[in-house]
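Asks: If you scroll down you'll find the structure; I have some questions about it.
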Amino acid sequence: MFYAFVFRWVSKDGIGAVGRLFIGGRFGNLFDDDPKQWRMYADFIGSAGSIFDLTTQLYPAYFLPLASLGNLTKAIARGLKDPSFRVIQNHFALSGNLGEVAAKEEVWEVVAQLAGLGLGILILDTPGLVKSYPVLFSTWMSMRLLHLWLRYESLSVLQFNTINLKRARILVKSHVLHSTVPGCKDCNREENILTWSQFMKPEIIFGSPLEKINDVDRSHFMVKALLKLYANEKYILMVNLQPQDLKFYVSFKVGASSVSVLRSVWQSLWLSENWDSKGNVCDQLTKSLMELENKFEDFIQKLKVAEWDTQKLNLKVPKEILIDDINLL
């Protein structure tokens with residue numbers, strides 16, 4: 001009996017540990033790019049984990065699987081929260097005083113926890129509340145929704161001067177349409193921290209092997225024409241042939257860098273704004289590259305004037321999918 005009890009609790013906590021191990025090992029390269037998004041997602045997932053804990057009172061016979069799922073979900077949330085929060089802390093450590101920033105944050109966190117414990121004791125001391133599960137759940141839900149709203153508001157006001165993929169799209173679109181770039185404050189305000197960059201329009205698919213791209217002309221003649229067209233670039237950009245759902249496919253060459261990703265985003269946004277469904281694909285690609293060559297340096301200079309960090313671009317090249325011009329000939 002004792003060993004069965006120990007096994008249940010060890011299993012419950014062990015599953016949570018596996019969740020954190022999985023997040024840290026598999027997704028560790030995501031947090032530098034968009035810490036605001038992952039910090040918000042961590043709270044959403046953590047809230048879902050708490051719901052599993054609450055349901056154990058309704059289904060005590062299923063305590064172990066429900067509690068294990070709750071621990072797993074909350075462990076995944078913590079695995080997302082801690083790394084993304086470290087990036088945010090580092091953002092505030094302007095003079096390299098990360099330890100001081102972390103210490104002050106710890107003080108405020110403890111104060112908030114103590115205040116929350118006191119408020120919780122007062123609420124639970126209310127006659128009939130503890131025995132009324134619907135009231136208890138409603139109280140928890142109200143507090144959780146308030147917490148999520150406050151978290152969203154606090155993350156929305158953060159202003160990063162680094163360029164990730166979502167901010168790059170905003171900056172490039174402004175330059176393509178108006179020949180200007182917004183400052184850090186305006187761009188961060190426009191950035192939607194809940195949206196995945198993969199779902200933004202136009203759709204840009206990075207790291208696509210040429211042989212697996214659908215809806216494009218992959219004839220030997222077209223491939224040779226593309227290699228010649230992109231001889232001076234570290235990537236090859238292709239466009240699908242369905243005007244109602246314009247997609248851009250970017251394959252990177254060996255030696256591509258974050259600047260290559262930014263150049264491909266600029267070309268994609270220019271094509272999206274100036275695309276002619278009845279025009280010749282190669283001619284439009286050629287014109288977009290000419291525009292890129294003429295205006296990209298102006299784009300970089302305006303980024304510097306607006307105090308964007310152009311030396312550290314959070315635009316990663318998919319390392320597992322790189323092409324070599326020689327191998328395609």
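Just so we're on the same page: first chain in the structure tokens is A, next is B, and so on; residues restart at 1 for each chain, and ligands are numbered from 1 in the order they show up.
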Wanna dump the range 282-312 of chain A-range 174-197 of chain A contacts at 8 Å for me, each residue with its shortest atom pair and the distance in Å to one decimal, counting only C-alpha atoms, ordered by chain and number, as a tab-separated table?

Replies:
```
residue	atom	partner	partner_atom	distance
A:Phe299	CA	A:His175	CA	6.7
A:Lys302	CA	A:Val181	CA	6.5
A:Leu303	CA	A:Val181	CA	6.7
A:Ala306	CA	A:Gly183	CA	5.3
A:Glu307	CA	A:Gly183	CA	7.4
A:Trp308	CA	A:Cys184	CA	7.0
```

Asks: Taking the DSSP assignment computed from this structure's backbone, write out as a CSV table (one decimal) with N, CA, C and O atoms, in the first residue's frame all residues of range 45-288 of chain A that belong to strand (DSSP E or B).

Replies:
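What follows is the written file out_25.csv:
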```
chain,number,residue,atom,x,y,z
A,163,ILE,N,15.2,43.0,-34.0
A,163,ILE,CA,14.4,42.7,-35.1
A,163,ILE,C,14.1,41.2,-35.2
A,163,ILE,O,15.1,40.5,-35.6
A,203,GLU,N,2.2,34.7,-46.9
A,203,GLU,CA,2.9,33.6,-46.3
A,203,GLU,C,4.3,33.4,-46.9
A,203,GLU,O,4.4,33.3,-48.1
A,204,ILE,N,5.2,33.3,-46.0
A,204,ILE,CA,6.6,33.1,-46.5
A,204,ILE,C,7.1,31.8,-45.8
A,204,ILE,O,7.1,31.7,-44.6
A,205,ILE,N,7.5,30.9,-46.6
A,205,ILE,CA,8.0,29.6,-46.1
A,205,ILE,C,9.5,29.5,-46.3
A,205,ILE,O,10.0,29.5,-47.4
A,206,PHE,N,10.2,29.5,-45.1
A,206,PHE,CA,11.6,29.6,-45.2
A,206,PHE,C,12.2,28.1,-45.1
A,206,PHE,O,11.6,27.3,-44.5
A,235,TYR,N,20.2,33.4,-51.2
A,235,TYR,CA,19.0,32.6,-51.1
A,235,TYR,C,18.3,32.6,-52.5
A,235,TYR,O,18.7,33.3,-53.4
A,236,ILE,N,17.4,31.7,-52.6
A,236,ILE,CA,16.6,31.7,-53.9
A,236,ILE,C,15.1,31.8,-53.5
A,236,ILE,O,14.6,31.0,-52.7
A,237,LEU,N,14.4,32.8,-54.0
A,237,LEU,CA,13.0,33.0,-53.7
A,237,LEU,C,12.1,32.6,-54.9
A,237,LEU,O,12.4,33.1,-56.0
A,238,MET,N,11.1,31.8,-54.6
A,238,MET,CA,10.2,31.4,-55.7
A,238,MET,C,8.8,31.7,-55.2
A,238,MET,O,8.5,31.8,-54.1
A,239,VAL,N,7.9,31.9,-56.2
A,239,VAL,CA,6.5,32.3,-56.0
A,239,VAL,C,5.6,31.2,-56.6
A,239,VAL,O,5.9,30.7,-57.6
A,247,LYS,N,2.0,32.7,-52.2
A,247,LYS,CA,3.0,32.1,-51.2
A,247,LYS,C,4.4,32.3,-51.8
A,247,LYS,O,4.6,32.3,-53.0
A,248,PHE,N,5.4,32.6,-50.8
A,248,PHE,CA,6.7,32.7,-51.2
A,248,PHE,C,7.6,31.6,-50.5
A,248,PHE,O,7.4,31.4,-49.3
A,249,TYR,N,8.4,31.0,-51.3
A,249,TYR,CA,9.3,29.9,-50.8
A,249,TYR,C,10.7,30.4,-50.9
A,249,TYR,O,11.2,30.8,-52.0
A,250,VAL,N,11.4,30.3,-49.8
A,250,VAL,CA,12.8,30.7,-49.7
A,250,VAL,C,13.7,29.6,-49.4
A,250,VAL,O,13.6,28.9,-48.3
A,251,SER,N,14.6,29.3,-50.3
A,251,SER,CA,15.7,28.3,-50.1
A,251,SER,C,17.0,29.0,-49.9
A,251,SER,O,17.4,29.9,-50.7
A,252,PHE,N,17.7,28.7,-48.8
A,252,PHE,CA,18.9,29.4,-48.5
A,252,PHE,C,20.2,28.6,-49.0
A,252,PHE,O,20.2,27.4,-49.0
A,253,LYS,N,21.2,29.4,-49.4
A,253,LYS,CA,22.4,28.8,-49.9
A,253,LYS,C,23.4,28.7,-48.7
A,253,LYS,O,23.2,29.3,-47.6
```

Asks: Among range 264-312 of chain A, which residues does DSSP mark as helix (DSSP H, G or I) when it is run on the backbone? Keep the chain and numbering as in the structure and answer as a PyMOL selection string.

Replies: chain A and resi 264-274+281-305

Asks: Next, write the just-selected residues to a file, as a tab-separated table (two decimals), in the first residue's frame, keeping N, CA, C and O atoms as the atom set.

Replies:
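Saved result, out31.tsv, follows:
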```tsv
chain	number	residue	atom	x	y	z
A	264	SER	N	15.30	38.61	-48.03
A	264	SER	CA	14.24	37.79	-48.62
A	264	SER	C	12.86	38.29	-48.17
A	264	SER	O	11.90	38.25	-48.94
A	265	VAL	N	12.76	38.76	-46.92
A	265	VAL	CA	11.49	39.32	-46.44
A	265	VAL	C	11.17	40.60	-47.21
A	265	VAL	O	10.01	40.81	-47.62
A	266	TRP	N	12.16	41.44	-47.43
A	266	TRP	CA	11.94	42.69	-48.18
A	266	TRP	C	11.45	42.36	-49.59
A	266	TRP	O	10.47	42.96	-50.06
A	267	GLN	N	12.11	41.43	-50.25
A	267	GLN	CA	11.70	41.08	-51.62
A	267	GLN	C	10.29	40.49	-51.63
A	267	GLN	O	9.48	40.80	-52.51
A	268	SER	N	9.97	39.64	-50.64
A	268	SER	CA	8.65	39.02	-50.57
A	268	SER	C	7.55	40.06	-50.39
A	268	SER	O	6.51	40.02	-51.06
A	269	LEU	N	7.78	41.01	-49.48
A	269	LEU	CA	6.76	42.05	-49.25
A	269	LEU	C	6.61	42.96	-50.45
A	269	LEU	O	5.49	43.39	-50.77
A	270	TRP	N	7.71	43.25	-51.14
A	270	TRP	CA	7.61	44.10	-52.34
A	270	TRP	C	6.80	43.37	-53.41
A	270	TRP	O	5.92	43.96	-54.05
A	271	LEU	N	7.08	42.08	-53.62
A	271	LEU	CA	6.33	41.30	-54.61
A	271	LEU	C	4.85	41.22	-54.24
A	271	LEU	O	3.98	41.30	-55.11
A	272	SER	N	4.59	41.04	-52.95
A	272	SER	CA	3.20	40.93	-52.51
A	272	SER	C	2.41	42.21	-52.81
A	272	SER	O	1.23	42.14	-53.21
A	273	GLU	N	3.04	43.36	-52.64
A	273	GLU	CA	2.36	44.63	-52.87
A	273	GLU	C	2.28	45.00	-54.35
A	273	GLU	O	1.43	45.80	-54.74
A	274	ASN	N	3.16	44.42	-55.18
A	274	ASN	CA	3.23	44.81	-56.59
A	274	ASN	C	2.99	43.65	-57.54
A	274	ASN	O	3.28	43.76	-58.74
A	281	VAL	N	6.52	35.62	-64.48
A	281	VAL	CA	7.09	35.41	-63.15
A	281	VAL	C	8.55	35.85	-63.10
A	281	VAL	O	8.96	36.59	-62.19
A	282	CYS	N	9.34	35.44	-64.06
A	282	CYS	CA	10.76	35.79	-64.07
A	282	CYS	C	10.98	37.30	-64.17
A	282	CYS	O	11.87	37.85	-63.52
A	283	ASP	N	10.15	37.95	-64.97
A	283	ASP	CA	10.28	39.41	-65.10
A	283	ASP	C	9.99	40.11	-63.78
A	283	ASP	O	10.67	41.07	-63.41
A	284	GLN	N	8.97	39.63	-63.06
A	284	GLN	CA	8.62	40.24	-61.78
A	284	GLN	C	9.68	39.96	-60.72
A	284	GLN	O	9.97	40.82	-59.88
A	285	LEU	N	10.24	38.77	-60.75
A	285	LEU	CA	11.33	38.45	-59.82
A	285	LEU	C	12.54	39.34	-60.10
A	285	LEU	O	13.19	39.85	-59.18
A	286	THR	N	12.83	39.53	-61.38
A	286	THR	CA	13.96	40.38	-61.76
A	286	THR	C	13.75	41.82	-61.31
A	286	THR	O	14.66	42.45	-60.75
A	287	LYS	N	12.55	42.33	-61.50
A	287	LYS	CA	12.25	43.69	-61.09
A	287	LYS	C	12.33	43.84	-59.57
A	287	LYS	O	12.84	44.84	-59.04
A	288	SER	N	11.86	42.82	-58.84
A	288	SER	CA	11.90	42.89	-57.37
A	288	SER	C	13.34	42.88	-56.86
A	288	SER	O	13.67	43.57	-55.89
A	289	LEU	N	14.21	42.14	-57.54
A	289	LEU	CA	15.63	42.12	-57.14
A	289	LEU	C	16.29	43.46	-57.44
A	289	LEU	O	17.16	43.91	-56.68
A	290	MET	N	15.90	44.09	-58.53
A	290	MET	CA	16.43	45.43	-58.82
A	290	MET	C	15.99	46.43	-57.76
A	290	MET	O	16.79	47.26	-57.30
A	291	GLU	N	14.73	46.35	-57.35
A	291	GLU	CA	14.23	47.23	-56.29
A	291	GLU	C	14.96	46.95	-54.98
A	291	GLU	O	15.29	47.87	-54.23
A	292	LEU	N	15.19	45.67	-54.70
A	292	LEU	CA	15.92	45.29	-53.49
A	292	LEU	C	17.32	45.87	-53.50
A	292	LEU	O	17.80	46.42	-52.49
A	293	GLU	N	17.99	45.78	-54.63
A	293	GLU	CA	19.35	46.28	-54.74
A	293	GLU	C	19.40	47.80	-54.58
A	293	GLU	O	20.33	48.34	-53.98
A	294	ASN	N	18.38	48.47	-55.07
A	294	ASN	CA	18.38	49.93	-55.02
A	294	ASN	C	17.93	50.50	-53.68
A	294	ASN	O	18.38	51.59	-53.29
A	295	LYS	N	17.08	49.79	-52.96
A	295	LYS	CA	16.43	50.37	-51.79
A	295	LYS	C	16.79	49.71	-50.46
A	295	LYS	O	16.45	50.25	-49.41
A	296	PHE	N	17.45	48.56	-50.48
A	296	PHE	CA	17.70	47.86	-49.21
A	296	PHE	C	18.68	48.64	-48.34
A	296	PHE	O	18.50	48.68	-47.11
A	297	GLU	N	19.67	49.26	-48.93
A	297	GLU	CA	20.63	50.03	-48.13
A	297	GLU	C	19.94	51.22	-47.47
A	297	GLU	O	20.24	51.57	-46.32
A	298	ASP	N	19.02	51.83	-48.20
A	298	ASP	CA	18.23	52.93	-47.61
A	298	ASP	C	17.40	52.41	-46.44
A	298	ASP	O	17.25	53.10	-45.41
A	299	PHE	N	16.86	51.20	-46.57
A	299	PHE	CA	16.10	50.57	-45.50
A	299	PHE	C	16.96	50.38	-44.25
A	299	PHE	O	16.54	50.72	-43.13
A	300	ILE	N	18.18	49.89	-44.43
A	300	ILE	CA	19.09	49.67	-43.30
A	300	ILE	C	19.46	51.00	-42.64
A	300	ILE	O	19.49	51.10	-41.40
A	301	GLN	N	19.72	52.00	-43.43
A	301	GLN	CA	20.09	53.31	-42.87
A	301	GLN	C	18.94	53.90	-42.06
A	301	GLN	O	19.15	54.49	-40.98
A	302	LYS	N	17.72	53.74	-42.54
A	302	LYS	CA	16.57	54.26	-41.80
A	302	LYS	C	16.32	53.47	-40.53
A	302	LYS	O	15.81	54.01	-39.54
A	303	LEU	N	16.65	52.18	-40.54
A	303	LEU	CA	16.56	51.40	-39.30
A	303	LEU	C	17.53	51.94	-38.25
A	303	LEU	O	17.19	52.05	-37.07
A	304	LYS	N	18.73	52.27	-38.68
A	304	LYS	CA	19.73	52.81	-37.75
A	304	LYS	C	19.29	54.17	-37.20
A	304	LYS	O	19.47	54.44	-36.01
A	305	VAL	N	18.74	55.00	-38.07
A	305	VAL	CA	18.27	56.31	-37.62
A	305	VAL	C	17.15	56.16	-36.59
A	305	VAL	O	17.06	56.92	-35.62
```

Asks: Between CA of Ser84 in chain A and CA of Leu155 in chain A, what is the distance, to one decimal in Å?

Replies: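 Distance between the two atoms: 11.5 Å.
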
Asks: Any idea what the distance is between CA of Phe52 in chain A and CA of Ala67 in chain A?

Replies: 6.5 Å

Asks: Hey, can you check how far CA of Pro35 in chain A sits from CA of Ala75 in chain A?

Replies: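 Between these atoms lies a distance of 17.6 Å.
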
Asks: Find the residues near range 104-106 of chain A: any atom within 12 Å, counting only C-alpha atoms, skip ones fewer than 2 places away on the same chain, and give them as a ChimeraX atom specification.

Replies: /A:85-86,88-90,92-93,97-102,108-113

Asks: With distances taken over only C-alpha atoms, which residue among A:Thr310, A:Lys316, A:Pro202, A:Ser95 lies nearest Asn240 in chain A?

Replies: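 Distance minimum relative to Asn240 in chain A lands on A:Pro202.
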
Asks: For the interface of range 69-143 of chain A with range 46-51 of chain A (cut-off 9 Å, counting only C-alpha atoms), please tabulate each contacting residue of range 69-143 of chain A alongside its nearest pair of atoms and their separation in Å to one decimal, rows sorted by chain and increasing number, as CSV.

Replies:
```
residue,atom,partner,partner_atom,distance
A:Leu69,CA,A:Gly49,CA,7.1
A:Gly70,CA,A:Gly49,CA,4.2
A:Asn71,CA,A:Gly49,CA,6.7
A:Leu72,CA,A:Gly49,CA,7.5
A:Thr73,CA,A:Gly49,CA,4.8
A:Lys74,CA,A:Gly46,CA,4.7
A:Ala75,CA,A:Gly46,CA,8.0
A:Ile76,CA,A:Gly46,CA,7.9
A:Ala77,CA,A:Gly46,CA,5.1
A:Arg78,CA,A:Gly46,CA,7.6
```

Asks: Take the selection from the previous step and output its residues with C-alpha atoms, as a short mmCIF file (atom, residue, chain, number, x, y, z; two decimals), in the first residue's frame.

Replies:
```cif
data_model
loop_
_atom_site.label_atom_id
_atom_site.label_comp_id
_atom_site.auth_asym_id
_atom_site.auth_seq_id
_atom_site.Cartn_x
_atom_site.Cartn_y
_atom_site.Cartn_z
CA LEU A 69 -1.80 15.80 -16.84
CA GLY A 70 -1.98 18.93 -14.73
CA ASN A 71 1.65 18.56 -13.66
CA LEU A 72 2.75 17.86 -17.23
CA THR A 73 0.92 20.90 -18.58
CA LYS A 74 2.22 23.22 -15.86
CA ALA A 75 5.75 21.85 -16.32
CA ILE A 76 5.55 22.64 -20.04
CA ALA A 77 4.33 26.12 -19.13
CA ARG A 78 7.27 26.59 -16.78
#
```
